[in-house]
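Visitor: What follows is a structure written as structure tokens; I'll ask about it next.
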Amino acid sequence: MSKTLIKNIKSLYQAGEDLPNIVRGKQMAHVPVIHDAFVALEEGKIVAYGKMSELIGIDDWSNLTVIDATGKSVLPAFCDAHTHLVFAKTREEEFVDRINGLSYEEIALKGGGILNSAARLNEMSEDELYEHAVARIHRVMSYGTGAIEIKSGYGLSVEAELKMLRVIKRLKQSMPIPVKATFLGAHAFPKEYKEDHRGYIDLIVNEMLPQVTKEQLADYIDVFCERNYFSVEEMEEILLAGKQYGLTPKVHVNQFSVMGGVRKAIEYGALSVDHLEEIADDDILALQESNCMPVALPGCSHFLSIPYTDARRLINAGLPLALASDYNPGSTPNGNLSVVWSLACIKMKMTPEEALNALTINAAYAMGLESSNGRIALGYAAPVLITTEIPSLAFIPYSFGDQLIEQVVC
């Protein structure tokens, strides 16, 4: 039986039995901390924690691994609630196109972007996709990710979408951290359906969804609701079909424009609405009337040079906010959530504590993992992070780009 004791922890963050499942508004500025602390894990679950002065008997366990964290901090592992981690190849040529003046939308309209990734994915076998994805997950785990959501959406055909989702299912079965699968067939219209939206939506609803359900390949359904992609009405039809197959919506919305997609997604029971680089008063009101989690993706804003989600407006309106990487080959080729933490503080004016809540408790909620991840609590299976010796919590986002996660204990 695997048993681990982490002792002499300088500061133990986000630990407690009465922490909420969603942290909202002013609450986001508070993160509980225990100084001079310990955490004990057995078979991957937290069985004890507290001040070192309360540590009794655990040192007597047999087959016990003891980690001395003197001078170091311990946090729950980050939850990455929005990624496109399964993909074929990188797209650095589009990075150069943007340097030379083309926008993300202009690149997409000339056949780049999502369609580029779809073409490349069709050329790669399921086993090759899986091997690449395994390497990426191990890399983001080394950065501190302890749970991850992965979307399809680079297939855009029945067979290719199923291939992606089968890879994600294999990752669920083989990785030591929770993996959530999201069906995103409605990521873009394939070239052959550019002028036949009805035909592609029928393909999603009548062919993709039944097979996704038959093979139990997805937890969630997503739609890219945006100009030049899927309209609000098209999103509604796809979300309704997904719900009839038992899939909860998690939606891309308001990346470039406000179209009314936030309220409609909430009406269809969306667990989260993601991006929100653009936001209107009615979006705020709809979110205030719901338990839907707004998810910001500052890595995407940084890489594409588009506006950042207005975190202060959301938090000041009493709303919660989660942060995620949006790790993908086109708009965010980085899965390091410490970098996301830095960007949230530097560009979105979130405090270090607000951003940590957004990367843990709120992000776990946005993945449906609020009962197992995002905090340090008895019975929780969340991996924990051990930092290097740092002077304070704020030192992590302050030292942007540095790798301050020394160890992840699963």
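All residue names refer to the structure tokens as shown: chains lettered A, B, ... in order, residues numbered from 1 in each chain, ligands numbered from 1 in order.
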From a DSSP calculation on the backbone, collect every residue of segment 68-199 of chain A in strand (DSSP E or B) and output the set as a list of chain:residue names.
Guide: A:Asp68, A:Lys72, A:Ser73, A:Val74, A:Leu75, A:Pro76, A:Phe78, A:Cys79, A:Asp80, A:Thr145, A:Gly146, A:Ala147, A:Ile148, A:Glu149, A:Ile150, A:Lys151, A:Val179, A:Lys180, A:Ala181, A:Thr182, A:Phe183, A:Leu184, A:Gly185, A:Ala186
Visitor: Kindly export the residues of the current selection with N, CA and C atoms, as a PDB file, in the first residue's frame.
Guide:
ATOM      1  N   ASP A  68      10.664  15.544   3.155  1.00  0.00           N
ATOM      2  CA  ASP A  68      10.912  16.712   4.005  1.00  0.00           C
ATOM      3  C   ASP A  68      10.785  17.962   3.152  1.00  0.00           C
ATOM      4  N   LYS A  72       9.616  24.856   1.984  1.00  0.00           N
ATOM      5  CA  LYS A  72       8.844  24.768   0.746  1.00  0.00           C
ATOM      6  C   LYS A  72       7.345  24.877   1.030  1.00  0.00           C
ATOM      7  N   SER A  73       6.594  25.147  -0.028  1.00  0.00           N
ATOM      8  CA  SER A  73       5.141  25.241   0.098  1.00  0.00           C
ATOM      9  C   SER A  73       4.475  24.077  -0.610  1.00  0.00           C
ATOM     10  N   VAL A  74       3.271  23.738  -0.163  1.00  0.00           N
ATOM     11  CA  VAL A  74       2.485  22.670  -0.777  1.00  0.00           C
ATOM     12  C   VAL A  74       1.113  23.222  -1.142  1.00  0.00           C
ATOM     13  N   LEU A  75       0.665  22.893  -2.358  1.00  0.00           N
ATOM     14  CA  LEU A  75      -0.629  23.328  -2.871  1.00  0.00           C
ATOM     15  C   LEU A  75      -1.319  22.132  -3.529  1.00  0.00           C
ATOM     16  N   PRO A  76      -2.648  22.193  -3.683  1.00  0.00           N
ATOM     17  CA  PRO A  76      -3.295  21.181  -4.519  1.00  0.00           C
ATOM     18  C   PRO A  76      -2.854  21.376  -5.964  1.00  0.00           C
ATOM     19  N   PHE A  78      -2.920  21.896  -9.924  1.00  0.00           N
ATOM     20  CA  PHE A  78      -3.798  22.703 -10.763  1.00  0.00           C
ATOM     21  C   PHE A  78      -4.764  21.811 -11.550  1.00  0.00           C
ATOM     22  N   CYS A  79      -5.926  22.362 -11.863  1.00  0.00           N
ATOM     23  CA  CYS A  79      -6.891  21.695 -12.743  1.00  0.00           C
ATOM     24  C   CYS A  79      -6.980  22.499 -14.034  1.00  0.00           C
ATOM     25  N   ASP A  80      -6.734  21.863 -15.156  1.00  0.00           N
ATOM     26  CA  ASP A  80      -6.771  22.547 -16.446  1.00  0.00           C
ATOM     27  C   ASP A  80      -8.084  22.202 -17.131  1.00  0.00           C
ATOM     28  N   THR A 145       0.025  20.280 -13.314  1.00  0.00           N
ATOM     29  CA  THR A 145      -1.359  19.947 -13.654  1.00  0.00           C
ATOM     30  C   THR A 145      -1.720  18.590 -13.063  1.00  0.00           C
ATOM     31  N   GLY A 146      -2.828  18.559 -12.308  1.00  0.00           N
ATOM     32  CA  GLY A 146      -3.262  17.326 -11.657  1.00  0.00           C
ATOM     33  C   GLY A 146      -4.608  16.826 -12.118  1.00  0.00           C
ATOM     34  N   ALA A 147      -5.225  17.506 -13.086  1.00  0.00           N
ATOM     35  CA  ALA A 147      -6.466  17.067 -13.721  1.00  0.00           C
ATOM     36  C   ALA A 147      -6.580  17.859 -15.011  1.00  0.00           C
ATOM     37  N   ILE A 148      -7.127  17.222 -16.061  1.00  0.00           N
ATOM     38  CA  ILE A 148      -7.126  17.905 -17.355  1.00  0.00           C
ATOM     39  C   ILE A 148      -8.358  17.528 -18.167  1.00  0.00           C
ATOM     40  N   GLU A 149      -8.932  18.516 -18.832  1.00  0.00           N
ATOM     41  CA  GLU A 149     -10.001  18.317 -19.797  1.00  0.00           C
ATOM     42  C   GLU A 149      -9.386  18.405 -21.187  1.00  0.00           C
ATOM     43  N   ILE A 150      -9.814  17.505 -22.100  1.00  0.00           N
ATOM     44  CA  ILE A 150      -9.279  17.495 -23.460  1.00  0.00           C
ATOM     45  C   ILE A 150     -10.447  17.425 -24.438  1.00  0.00           C
ATOM     46  N   LYS A 151     -10.409  18.285 -25.453  1.00  0.00           N
ATOM     47  CA  LYS A 151     -11.479  18.358 -26.446  1.00  0.00           C
ATOM     48  C   LYS A 151     -11.065  17.674 -27.743  1.00  0.00           C
ATOM     49  N   VAL A 179      -8.807  12.643 -16.359  1.00  0.00           N
ATOM     50  CA  VAL A 179      -8.914  13.195 -17.702  1.00  0.00           C
ATOM     51  C   VAL A 179     -10.394  13.257 -18.059  1.00  0.00           C
ATOM     52  N   LYS A 180     -10.869  14.433 -18.461  1.00  0.00           N
ATOM     53  CA  LYS A 180     -12.242  14.606 -18.907  1.00  0.00           C
ATOM     54  C   LYS A 180     -12.254  14.810 -20.422  1.00  0.00           C
ATOM     55  N   ALA A 181     -13.260  14.226 -21.085  1.00  0.00           N
ATOM     56  CA  ALA A 181     -13.345  14.265 -22.545  1.00  0.00           C
ATOM     57  C   ALA A 181     -14.520  15.131 -22.989  1.00  0.00           C
ATOM     58  N   THR A 182     -14.251  16.027 -23.946  1.00  0.00           N
ATOM     59  CA  THR A 182     -15.285  16.897 -24.491  1.00  0.00           C
ATOM     60  C   THR A 182     -15.376  16.709 -26.003  1.00  0.00           C
ATOM     61  N   PHE A 183     -16.590  16.429 -26.488  1.00  0.00           N
ATOM     62  CA  PHE A 183     -16.837  16.286 -27.915  1.00  0.00           C
ATOM     63  C   PHE A 183     -17.048  17.672 -28.526  1.00  0.00           C
ATOM     64  N   LEU A 184     -16.136  18.068 -29.404  1.00  0.00           N
ATOM     65  CA  LEU A 184     -16.174  19.387 -30.041  1.00  0.00           C
ATOM     66  C   LEU A 184     -16.193  19.240 -31.562  1.00  0.00           C
ATOM     67  N   GLY A 185     -17.116  18.404 -32.050  1.00  0.00           N
ATOM     68  CA  GLY A 185     -17.256  18.297 -33.497  1.00  0.00           C
ATOM     69  C   GLY A 185     -17.591  19.633 -34.129  1.00  0.00           C
ATOM     70  N   ALA A 186     -18.272  20.491 -33.366  1.00  0.00           N
ATOM     71  CA  ALA A 186     -18.659  21.820 -33.846  1.00  0.00           C
ATOM     72  C   ALA A 186     -17.575  22.847 -33.534  1.00  0.00           C
TER      73      ALA A 186
END
Visitor: Within 8 Å of segment 296-312 of chain A, counting only C-alpha atoms, which residues qualify if same-chain residues fewer than 5 places away don't, as number ranges by chain?
Guide: A: 98, 103-104, 274-279, 321-326, 331-332, 334, 339-340, 343-344, 347-350
Visitor: Would you list the contacts of Ile9 of chain A as number ranges by chain, taking every protein, DNA or RNA residue within 12 Å and counting only C-alpha atoms, but skipping same-chain residues closer than 5 positions in sequence?
Guide: A: 33-40, 49-53, 67-75, 385-390
Visitor: Create the file for the chosen residues now, containing C-alpha atoms and written as an mmCIF file, in the first residue's frame.
Guide:
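Written output follows (result-v5.cif):
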data_model
loop_
_atom_site.group_PDB
_atom_site.id
_atom_site.type_symbol
_atom_site.label_atom_id
_atom_site.label_comp_id
_atom_site.auth_asym_id
_atom_site.auth_seq_id
_atom_site.Cartn_x
_atom_site.Cartn_y
_atom_site.Cartn_z
ATOM 1 C CA VAL A 33 -2.980 28.641 4.743
ATOM 2 C CA ILE A 34 -1.475 26.476 7.486
ATOM 3 C CA HIS A 35 2.126 27.220 8.426
ATOM 4 C CA ASP A 36 4.588 24.581 9.665
ATOM 5 C CA ALA A 37 2.358 21.823 8.348
ATOM 6 C CA PHE A 38 2.166 18.225 7.127
ATOM 7 C CA VAL A 39 0.070 16.244 4.628
ATOM 8 C CA ALA A 40 -0.345 12.466 4.629
ATOM 9 C CA TYR A 49 -3.115 17.209 7.284
ATOM 10 C CA GLY A 50 -2.547 19.990 9.763
ATOM 11 C CA LYS A 51 0.152 21.622 11.844
ATOM 12 C CA MET A 52 3.323 19.654 12.578
ATOM 13 C CA SER A 53 2.471 19.881 16.273
ATOM 14 C CA ILE A 67 9.313 13.867 2.078
ATOM 15 C CA ASP A 68 10.912 16.712 4.005
ATOM 16 C CA ALA A 69 9.494 19.976 2.628
ATOM 17 C CA THR A 70 11.437 22.332 4.896
ATOM 18 C CA GLY A 71 11.259 25.851 3.467
ATOM 19 C CA LYS A 72 8.844 24.768 0.746
ATOM 20 C CA SER A 73 5.141 25.241 0.098
ATOM 21 C CA VAL A 74 2.485 22.670 -0.777
ATOM 22 C CA LEU A 75 -0.629 23.328 -2.871
ATOM 23 C CA LEU A 385 2.461 20.163 -5.543
ATOM 24 C CA ILE A 386 5.659 20.774 -3.654
ATOM 25 C CA THR A 387 7.357 24.018 -4.652
ATOM 26 C CA THR A 388 10.998 24.897 -4.456
ATOM 27 C CA GLU A 389 11.937 27.109 -1.503
ATOM 28 C CA ILE A 390 9.930 30.274 -2.146
#
Visitor: Taking into account only C-alpha atoms, which residue in the set A:Val47, A:Leu240, A:Ala133, A:Ile107 is nearest to Met175 of chain A?
Guide: A:Ala133
Visitor: Between A:Glu237, A:Asp283, A:Glu42, A:Glu159, which has the minimum distance to Met259 of chain A (counting only C-alpha atoms)?
Guide: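 Closest to Met259 of chain A, using only C-alpha atoms: A:Asp283.
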Visitor: Please tabulate, as a Markdown table, the residues of segment 42-134 of chain A that come within 12 Å of segment 202-224 of chain A, each with its closest pair of atoms and the distance in Å to one decimal, counting only C-alpha atoms and ordering rows by chain, then residue number upward.
Guide:
| residue | atom | partner | partner_atom | distance |
| --- | --- | --- | --- | --- |
| A:Ala81 | CA | A:Tyr220 | CA | 11.6 |
| A:His82 | CA | A:Asp222 | CA | 10.7 |
| A:Thr83 | CA | A:Asp222 | CA | 12.0 |
| A:His84 | CA | A:Asp222 | CA | 11.9 |
| A:Ile114 | CA | A:Phe224 | CA | 11.1 |
Visitor: Could the residues in this selection be written to a file with C-alpha atoms, as a PDB file, in the first residue's frame?
Guide:
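Output below, filename again_3.pdb:
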ATOM      1  CA  ALA A  81     -10.406  22.863 -17.498  1.00  0.00           C
ATOM      2  CA  HIS A  82      -9.895  23.708 -21.187  1.00  0.00           C
ATOM      3  CA  THR A  83      -7.342  22.109 -23.515  1.00  0.00           C
ATOM      4  CA  HIS A  84      -6.987  20.721 -27.043  1.00  0.00           C
ATOM      5  CA  ILE A 114      -8.526  24.607 -37.118  1.00  0.00           C
TER       6      ILE A 114
END
Visitor: Tell me which of A:Asn21, A:Asn336, A:Thr360, A:Thr90 sits closest to Ile405 of chain A, counting only C-alpha atoms.
Guide: A:Asn336
Visitor: Using only C-alpha atoms, can you tell me which of A:Glu406, A:Glu54, A:Glu195, A:Glu123 comes closest to Phe87 of chain A?
Guide: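 Comparing A:Glu406, A:Glu54, A:Glu195, A:Glu123 against Phe87 of chain A, the winner is A:Glu123.
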Visitor: Using only C-alpha atoms, which residues sit within 7 Å of segment 127-130 of chain A once same-chain residues fewer than 2 positions away are excluded, as a ChimeraX atom specification?
Guide: /A:86-88,124-125,132-134,167
Visitor: What does the file look like for those residues with N, CA and C atoms, as a compact mmCIF listing (two decimals), in the first residue's frame?
Guide:
# COMPACT_ATOMS: atom_id res chain seq x y z
N VAL A 86 -4.81 16.83 -27.62
CA VAL A 86 -4.63 15.80 -28.64
C VAL A 86 -4.63 16.47 -30.01
N PHE A 87 -3.47 16.55 -30.62
CA PHE A 87 -3.35 17.11 -31.97
C PHE A 87 -2.18 16.46 -32.68
N ALA A 88 -2.13 16.67 -33.99
CA ALA A 88 -1.12 15.97 -34.79
C ALA A 88 0.21 16.71 -34.80
N MET A 124 -2.54 11.10 -39.42
CA MET A 124 -1.82 10.45 -38.33
C MET A 124 -2.66 9.32 -37.74
N SER A 125 -2.02 8.23 -37.38
CA SER A 125 -2.73 7.09 -36.81
C SER A 125 -3.14 7.36 -35.36
N HIS A 132 1.97 10.89 -28.80
CA HIS A 132 2.26 12.32 -28.67
C HIS A 132 1.52 12.92 -27.48
N ALA A 133 0.27 12.52 -27.32
CA ALA A 133 -0.54 13.06 -26.23
C ALA A 133 -0.01 12.63 -24.86
N VAL A 134 0.44 11.39 -24.74
CA VAL A 134 1.02 10.91 -23.49
C VAL A 134 2.22 11.78 -23.10
N VAL A 167 -8.60 8.28 -28.52
CA VAL A 167 -7.29 8.60 -27.91
C VAL A 167 -7.50 9.16 -26.50
Visitor: If we count only C-alpha atoms and set the cut-off at 12 Å, which residues sit around Lys194 of chain A, ignoring sequence neighbours fewer than 2 positions away in its own chain? Please answer as a PyMOL selection string.
Guide: chain A and resi 109+111+115+156+188-192+196-201+228-230
Visitor: Among segment 80-275 of chain A, which ones does DSSP place in alpha helix (DSSP H), written as an NGL selection string?
Guide: :A and (92-99 or 104-109 or 114-122 or 126-142 or 158-174 or 197-203 or 209-214 or 232-244 or 261-267)
Visitor: Could you work out how far atom CA of Cys345 of chain A lies from atom CA of Val31 of chain A, giving the answer in Å with one decimal?
Guide: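 Computed distance, atom CA of Val31 of chain A to atom CA of Cys345 of chain A, equals 15.4 Å.
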